[in-house]
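K.L.:
Enclosed is the structure file start-v3.cif (mmCIF, C-alpha atoms).
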data_start
loop_
_atom_site.group_PDB
_atom_site.id
_atom_site.type_symbol
_atom_site.label_atom_id
_atom_site.label_comp_id
_atom_site.auth_asym_id
_atom_site.auth_seq_id
_atom_site.Cartn_x
_atom_site.Cartn_y
_atom_site.Cartn_z
ATOM 1 C CA MET A 10 22.821 -21.442 18.027
ATOM 2 C CA GLN A 11 22.125 -18.276 19.974
ATOM 3 C CA SER A 12 18.673 -17.848 21.497
ATOM 4 C CA ILE A 13 16.712 -14.626 21.818
ATOM 5 C CA PRO A 14 16.468 -13.471 25.419
ATOM 6 C CA VAL A 15 12.972 -13.903 26.816
ATOM 7 C CA SER A 16 12.902 -10.233 27.772
ATOM 8 C CA LEU A 17 13.114 -9.248 24.089
ATOM 9 C CA CYS A 18 10.320 -11.609 23.117
ATOM 10 C CA THR A 19 7.926 -10.333 25.735
ATOM 11 C CA LYS A 20 8.825 -6.656 25.735
ATOM 12 C CA GLY A 21 9.460 -6.119 22.038
ATOM 13 C CA ARG A 22 6.838 -6.103 19.359
ATOM 14 C CA PHE A 23 7.620 -8.021 16.226
ATOM 15 C CA GLU A 24 5.866 -6.834 13.071
ATOM 16 C CA ILE A 25 5.944 -10.082 11.103
ATOM 17 C CA PRO A 26 2.608 -9.441 9.284
ATOM 18 C CA LEU A 27 3.824 -5.993 8.209
ATOM 19 C CA ALA A 28 7.132 -7.387 6.963
ATOM 20 C CA ALA A 29 5.308 -10.074 4.987
ATOM 21 C CA ALA A 30 2.855 -7.488 3.637
ATOM 22 C CA LEU A 31 5.675 -5.249 2.468
ATOM 23 C CA ALA A 32 7.284 -8.221 0.711
ATOM 24 C CA HIS A 33 3.996 -8.915 -1.094
ATOM 25 C CA ALA A 34 3.650 -5.208 -1.941
ATOM 26 C CA GLN A 35 7.153 -5.219 -3.400
ATOM 27 C CA LYS A 36 6.325 -8.275 -5.522
ATOM 28 C CA ALA A 37 3.146 -6.533 -6.673
ATOM 29 C CA GLY A 38 5.252 -3.584 -7.797
ATOM 30 C CA VAL A 39 7.581 -5.857 -9.752
ATOM 31 C CA PHE A 40 4.631 -7.573 -11.440
ATOM 32 C CA LEU A 41 3.031 -4.197 -12.136
ATOM 33 C CA ALA A 42 6.208 -2.922 -13.788
ATOM 34 C CA GLY A 43 6.253 -6.071 -15.921
ATOM 35 C CA LYS A 44 2.600 -5.553 -16.924
ATOM 36 C CA ARG A 45 1.666 -8.816 -15.187
ATOM 37 C CA LEU A 46 -1.504 -7.339 -13.729
ATOM 38 C CA PRO A 47 -3.283 -10.482 -12.458
ATOM 39 C CA GLU A 48 -0.189 -11.449 -10.463
ATOM 40 C CA ALA A 49 0.227 -7.876 -9.241
ATOM 41 C CA LEU A 50 -3.368 -7.834 -8.029
ATOM 42 C CA GLN A 51 -2.971 -11.129 -6.195
ATOM 43 C CA GLU A 52 0.173 -9.918 -4.403
ATOM 44 C CA ALA A 53 -1.403 -6.561 -3.550
ATOM 45 C CA GLN A 54 -4.484 -8.291 -2.133
ATOM 46 C CA GLN A 55 -2.290 -10.470 0.077
ATOM 47 C CA ALA A 56 -0.407 -7.393 1.259
ATOM 48 C CA VAL A 57 -3.604 -5.561 2.213
ATOM 49 C CA ALA A 58 -4.943 -8.651 3.992
ATOM 50 C CA LEU A 59 -1.790 -8.805 6.124
ATOM 51 C CA ALA A 60 -1.410 -5.080 6.851
ATOM 52 C CA PRO A 61 -4.595 -3.106 6.171
ATOM 53 C CA ASP A 62 -3.255 -0.209 8.264
ATOM 54 C CA SER A 63 -0.145 0.321 6.154
ATOM 55 C CA ALA A 64 -0.078 3.439 4.000
ATOM 56 C CA GLU A 65 2.482 1.921 1.652
ATOM 57 C CA VAL A 66 0.464 -1.264 1.175
ATOM 58 C CA ASN A 67 -2.740 0.670 0.454
ATOM 59 C CA ALA A 68 -0.945 2.927 -2.012
ATOM 60 C CA GLY A 69 0.411 -0.138 -3.799
ATOM 61 C CA MET A 70 -3.061 -1.625 -4.060
ATOM 62 C CA GLY A 71 -4.277 1.683 -5.489
ATOM 63 C CA ASN A 72 -1.559 1.589 -8.131
ATOM 64 C CA VAL A 73 -2.498 -1.934 -9.194
ATOM 65 C CA LEU A 74 -6.206 -1.149 -9.355
ATOM 66 C CA ASP A 75 -5.477 2.038 -11.300
ATOM 67 C CA ALA A 76 -3.454 0.048 -13.837
ATOM 68 C CA LEU A 77 -6.407 -2.327 -14.174
ATOM 69 C CA GLY A 78 -8.687 0.630 -14.938
ATOM 70 C CA ARG A 79 -10.569 0.189 -11.664
ATOM 71 C CA ARG A 80 -10.205 3.852 -10.764
ATOM 72 C CA GLU A 81 -13.005 4.170 -8.210
ATOM 73 C CA GLU A 82 -11.551 1.291 -6.206
ATOM 74 C CA ALA A 83 -8.060 2.728 -6.628
ATOM 75 C CA ARG A 84 -9.253 6.070 -5.303
ATOM 76 C CA HIS A 85 -10.498 4.392 -2.120
ATOM 77 C CA TYR A 86 -7.065 2.851 -1.494
ATOM 78 C CA TYR A 87 -5.248 6.103 -2.290
ATOM 79 C CA ALA A 88 -7.492 7.993 0.153
ATOM 80 C CA THR A 89 -6.922 5.355 2.831
ATOM 81 C CA ALA A 90 -3.172 5.471 2.243
ATOM 82 C CA LEU A 91 -3.146 9.265 2.495
ATOM 83 C CA GLN A 92 -5.141 9.224 5.724
ATOM 84 C CA LEU A 93 -2.783 6.642 7.219
ATOM 85 C CA ALA A 94 0.302 8.534 6.044
ATOM 86 C CA LEU A 95 -0.964 11.705 7.695
ATOM 87 C CA THR A 96 -2.006 10.107 10.979
ATOM 88 C CA LYS A 97 0.030 6.966 11.616
ATOM 89 C CA GLN A 98 3.693 7.782 12.174
ATOM 90 C CA PRO A 99 3.584 10.761 9.799
ATOM 91 C CA GLY A 100 7.262 11.515 10.360
ATOM 92 C CA PHE A 101 8.181 8.261 8.662
ATOM 93 C CA GLN A 102 5.657 8.499 5.856
ATOM 94 C CA HIS A 103 5.922 12.105 4.704
ATOM 95 C CA SER A 104 7.371 10.965 1.368
ATOM 96 C CA LEU A 105 4.043 9.281 0.532
ATOM 97 C CA VAL A 106 1.852 12.334 1.129
ATOM 98 C CA ALA A 107 2.638 14.458 -1.952
ATOM 99 C CA PRO A 108 2.419 11.577 -4.473
ATOM 100 C CA LEU A 109 -0.862 10.399 -2.940
ATOM 101 C CA LYS A 110 -2.344 13.887 -3.098
ATOM 102 C CA GLN A 111 -1.305 14.067 -6.764
ATOM 103 C CA ARG A 112 -2.886 10.686 -7.507
ATOM 104 C CA LEU A 113 -6.159 11.696 -5.849
ATOM 105 C CA ALA A 114 -6.183 15.009 -7.726
ATOM 106 C CA ALA A 115 -5.570 13.173 -11.005
ATOM 107 C CA GLU A 116 -8.405 10.762 -10.220
ATOM 108 C CA ASP A 117 -10.720 13.702 -9.423
ATOM 109 C CA ASP A 118 -9.707 15.446 -12.656
ATOM 110 C CA SER A 119 -10.307 12.296 -14.675
ATOM 111 C CA ALA A 120 -13.732 11.804 -13.086
ATOM 112 C CA GLN A 121 -14.718 15.416 -13.829
ATOM 113 C CA LYS A 122 -13.770 14.937 -17.487
ATOM 114 C CA GLY A 123 -15.920 11.818 -17.643
ATOM 115 C CA HIS A 124 -13.135 9.281 -18.064
ATOM 116 C CA PRO A 125 -13.802 5.875 -16.484
#
Starting from the file, give its structure as structure tokens.
P.N.:
Amino acid sequence: MQSIPVSLCTKGRFEIPLAAALAHAQKAGVFLAGKRLPEALQEAQQAVALAPDSAEVNAGMGNVLDALGRREEARHYYATALQLALTKQPGFQHSLVAPLKQRLAAEDDSAQKGHP
């Protein structure tokens, strides 16, 4: 069995919580696609708890809440995801920006028309 050099352990930064959060977010997406909303919500909540500063995780939570009809809560997560995508490593997250802006605009439009 090969061991990891100590220099890598002390100098590198391992993002285990983020990796776990992304796995939960992916499961949430699978449950969401299968219309298994309670399970999707549980997975999305675990993802956010592990990586609250992840744009992708926040966007996923927004999608689940939106599917549950909890649009005001969803809007909060979409706005957080957009802010993170624009400020935290924006070069890697540019693909999230346009869809998040569209989601927020759709939520604003729905609110103006009086839809819950």
K.L.:
Taking 5 positions as the minimum chain separation for residues in the same chain, which residues sit within 12 Å of A:Pro61 when counting only C-alpha atoms? Answer as a list in words.
P.N.:
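Counting only the stated atoms, we get Pro26, Leu27, Ala30, Leu31, Ala34, Ala53, Gln54, Gln55, Ala56, Val66, Asn67, Ala68, Gly69, Met70, Tyr86, Thr89, Ala90 and Leu93 of chain A.
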K.L.:
Write out, as a short mmCIF file (atom, residue, chain, number, x, y, z; two decimals), keeping the file's coordinate frame, the residues just selected, with C-alpha atoms.
P.N.:
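Below you can see again35.cif, which holds the result:
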data_model
loop_
_atom_site.label_atom_id
_atom_site.label_comp_id
_atom_site.auth_asym_id
_atom_site.auth_seq_id
_atom_site.Cartn_x
_atom_site.Cartn_y
_atom_site.Cartn_z
CA PRO A 26 2.61 -9.44 9.28
CA LEU A 27 3.82 -5.99 8.21
CA ALA A 30 2.86 -7.49 3.64
CA LEU A 31 5.68 -5.25 2.47
CA ALA A 34 3.65 -5.21 -1.94
CA ALA A 53 -1.40 -6.56 -3.55
CA GLN A 54 -4.48 -8.29 -2.13
CA GLN A 55 -2.29 -10.47 0.08
CA ALA A 56 -0.41 -7.39 1.26
CA VAL A 66 0.46 -1.26 1.18
CA ASN A 67 -2.74 0.67 0.45
CA ALA A 68 -0.94 2.93 -2.01
CA GLY A 69 0.41 -0.14 -3.80
CA MET A 70 -3.06 -1.62 -4.06
CA TYR A 86 -7.06 2.85 -1.49
CA THR A 89 -6.92 5.36 2.83
CA ALA A 90 -3.17 5.47 2.24
CA LEU A 93 -2.78 6.64 7.22
#
K.L.:
Check which residues satisfy the PyMOL selection byres ((chain A and resi 85) around 12) in the file shown, then give them as a PyMOL selection string.
P.N.:
chain A and resi 67-72+74-75+79-84+86-92+109+112-113+116-117
K.L.:
Figure out the distance between atom CA of A:Val73 and atom CA of A:Leu41, please, to one decimal in Å.
P.N.:
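Distance between the two atoms: 6.7 Å.
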K.L.:
For a test of reading the model, state the distance in Å between atom CA of A:Pro108 and atom CA of A:Leu95, rounded to one decimal.
P.N.:
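So the answer is 12.6 Å.
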K.L.:
Please compute the atom CA of A:Ala60-atom CA of A:Gly78 distance, one decimal, in Å.
P.N.:
23.7 Å
K.L.:
Would you compute the box with edges along x, y and z of the file around stretch 32-46 of chain A, including every atom the file lists for it and 8 Å extra on each side, and give its centre and edge lengths in Å to one decimal, as JSON?
P.N.:
{"center_x": 3.0, "center_y": -5.9, "center_z": -8.1, "size_x": 25.1, "size_y": 22.0, "size_z": 33.6}
